[in-house]
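S.K.: Let me begin by handing over the structure; questions about it come next.
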Amino acid sequence: MSRRIDRNVVEEIALTRINKLMMLSKEKVAEDDMEYAKLYVRLARRIAMRTKTKIPKEHRYCKNCCAPSTPKTSRVRLNAHRVTVQCTECGCIKRIPYLREQGR
Ligand SMILES: [Zn+2]
């Protein structure tokens, strides 16, 4: 009666699909097709949400407009003990602190 699929199997399938979609998305960025690049990230996010899997760290994307973070679509700077990543598509800025132990 139960048609539950093993959690590991779900995760494995989800991850291969996420990886594939993120790869396609980056290809679309290279082709200057941002519409499709963002669509692929949205699909990958939907799979991740539905299956409760995490999108691997190497696949970064803008949380605001879903553009994949590539050298072409993001600007990365180091200042004031923060890594600043700005999305060139929508202009939103993400700041990641580092050197947290300084100033103690
Ligand atoms: Zn953005």
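By convention in this document, the chains of the structure tokens carry letters A, B, ... by their order, each chain's residues are numbered from 1, and ligands are numbered from 1 in the order they are shown.
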As a PyMOL selection string, please: every protein or nucleic acid residue near ligand 1 (cut-off 10 Å, counting only C-alpha atoms and all ligand atoms).
M.R.: chain A and resi 38+61-69+73-74+86-94
S.K.: Out of stretch 10-102 of chain A, which residues get strand (DSSP E) from DSSP, as a list in words?
M.R.: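 The residues of stretch 10-102 of chain A classed as strand (DSSP E) are Ser74, Arg75, Val76, Arg77, Leu78, Asn79, Arg82, Val83, Thr84, Val85, Gln86, Cys87, Ile93, Lys94, Arg95, Ile96 and Pro97 of chain A.
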S.K.: Quick one: write out the picked residues with N, CA and C atoms as a short mmCIF file (atom, residue, chain, number, x, y, z; two decimals), in the first residue's frame?
M.R.:
data_model
loop_
_atom_site.label_atom_id
_atom_site.label_comp_id
_atom_site.auth_asym_id
_atom_site.auth_seq_id
_atom_site.Cartn_x
_atom_site.Cartn_y
_atom_site.Cartn_z
N SER A 74 27.79 38.60 -11.37
CA SER A 74 27.98 39.10 -10.01
C SER A 74 29.32 39.79 -9.87
N ARG A 75 29.37 40.72 -8.93
CA ARG A 75 30.59 41.46 -8.66
C ARG A 75 30.99 41.13 -7.22
N VAL A 76 32.20 40.63 -7.06
CA VAL A 76 32.63 40.23 -5.72
C VAL A 76 33.74 41.16 -5.26
N ARG A 77 33.59 41.74 -4.08
CA ARG A 77 34.60 42.65 -3.53
C ARG A 77 34.85 42.29 -2.07
N LEU A 78 36.07 42.60 -1.62
CA LEU A 78 36.40 42.42 -0.21
C LEU A 78 36.53 43.80 0.41
N ASN A 79 35.72 44.10 1.41
CA ASN A 79 35.92 45.35 2.15
C ASN A 79 35.36 45.27 3.55
N ARG A 82 34.28 42.04 5.07
CA ARG A 82 33.11 41.39 4.49
C ARG A 82 33.38 41.07 3.03
N VAL A 83 32.84 39.97 2.59
CA VAL A 83 32.83 39.68 1.16
C VAL A 83 31.50 40.24 0.65
N THR A 84 31.57 41.13 -0.31
CA THR A 84 30.35 41.72 -0.84
C THR A 84 30.09 41.15 -2.22
N VAL A 85 28.96 40.52 -2.38
CA VAL A 85 28.58 39.97 -3.67
C VAL A 85 27.39 40.76 -4.20
N GLN A 86 27.60 41.46 -5.29
CA GLN A 86 26.50 42.21 -5.86
C GLN A 86 26.04 41.54 -7.14
N CYS A 87 24.73 41.37 -7.25
CA CYS A 87 24.15 40.80 -8.45
C CYS A 87 24.03 41.91 -9.48
N ILE A 93 22.56 43.21 -2.95
CA ILE A 93 23.88 42.98 -2.39
C ILE A 93 23.80 41.97 -1.26
N LYS A 94 24.73 41.01 -1.29
CA LYS A 94 24.83 40.05 -0.20
C LYS A 94 26.17 40.25 0.47
N ARG A 95 26.17 40.37 1.78
CA ARG A 95 27.43 40.55 2.50
C ARG A 95 27.71 39.34 3.38
N ILE A 96 28.91 38.79 3.22
CA ILE A 96 29.30 37.64 4.04
C ILE A 96 30.48 38.07 4.90
N PRO A 97 30.34 38.10 6.22
CA PRO A 97 31.44 38.53 7.07
C PRO A 97 32.55 37.48 7.14
#
S.K.: Please measure the separation of atom CA of A:Ile55 and atom CA of A:Leu24, giving the value in Å to one decimal.
M.R.: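 Spanning atom CA of A:Ile55 to atom CA of A:Leu24 is a straight-line distance of 14.7 Å.
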S.K.: Skip A:Leu39 itself and residues of its chain fewer than 5 positions away, then list as a list in words all residues within 10 Å of it, counting only C-alpha atoms.
M.R.: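 Skipping anything fewer than 5 positions along the chain leaves Leu21, Ser25, Met34, Ala44, Arg45, Cys66 and Ala67 of chain A.
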S.K.: Take the residues from that selection and put them in a file with N, CA and C atoms, as a PDB file, in the first residue's frame.
M.R.:
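Output below, filename result.pdb:
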ATOM      1  N   LEU A  21      20.287  21.273 -13.939  1.00  0.00           N
ATOM      2  CA  LEU A  21      19.619  22.545 -14.184  1.00  0.00           C
ATOM      3  C   LEU A  21      20.558  23.724 -13.970  1.00  0.00           C
ATOM      4  N   SER A  25      21.728  26.438 -16.645  1.00  0.00           N
ATOM      5  CA  SER A  25      21.543  27.849 -16.336  1.00  0.00           C
ATOM      6  C   SER A  25      22.811  28.644 -16.624  1.00  0.00           C
ATOM      7  N   MET A  34      19.278  35.472 -20.276  1.00  0.00           N
ATOM      8  CA  MET A  34      19.000  35.531 -18.844  1.00  0.00           C
ATOM      9  C   MET A  34      17.624  34.988 -18.473  1.00  0.00           C
ATOM     10  N   ALA A  44      15.313  24.518 -10.350  1.00  0.00           N
ATOM     11  CA  ALA A  44      16.205  23.824  -9.417  1.00  0.00           C
ATOM     12  C   ALA A  44      15.779  24.106  -7.981  1.00  0.00           C
ATOM     13  N   ARG A  45      15.407  25.362  -7.713  1.00  0.00           N
ATOM     14  CA  ARG A  45      14.966  25.728  -6.367  1.00  0.00           C
ATOM     15  C   ARG A  45      13.694  24.986  -5.992  1.00  0.00           C
ATOM     16  N   CYS A  66      17.038  35.218  -8.792  1.00  0.00           N
ATOM     17  CA  CYS A  66      17.316  33.852  -9.251  1.00  0.00           C
ATOM     18  C   CYS A  66      18.342  33.760 -10.385  1.00  0.00           C
ATOM     19  N   ALA A  67      19.149  34.786 -10.569  1.00  0.00           N
ATOM     20  CA  ALA A  67      20.207  34.692 -11.574  1.00  0.00           C
ATOM     21  C   ALA A  67      21.360  33.890 -10.982  1.00  0.00           C
TER      22      ALA A  67
END
S.K.: Could you give me the residues within chain A that DSSP places in helix (DSSP H, G or I), as a count of residues only?
M.R.: 42
S.K.: May I ask for the distance between atom CA of A:Val29 and atom CA of A:Thr16, given in Å to one decimal place?
M.R.: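 Answer for the atom CA of A:Val29 to atom CA of A:Thr16 separation: 20.2 Å.
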S.K.: Taking 2 positions as the minimum chain separation for residues in the same chain, which residues sit within 12 Å of A:Pro56 when counting only C-alpha atoms? Answer as a list in words.
M.R.: Glu11, Ala14, Leu15, Thr16, Arg17, Ile18, Asn19, Lys20, Met22, Ala44, Arg45, Ala48, Thr53, Lys54, Glu58, His59, Arg60 and Tyr61 of chain A
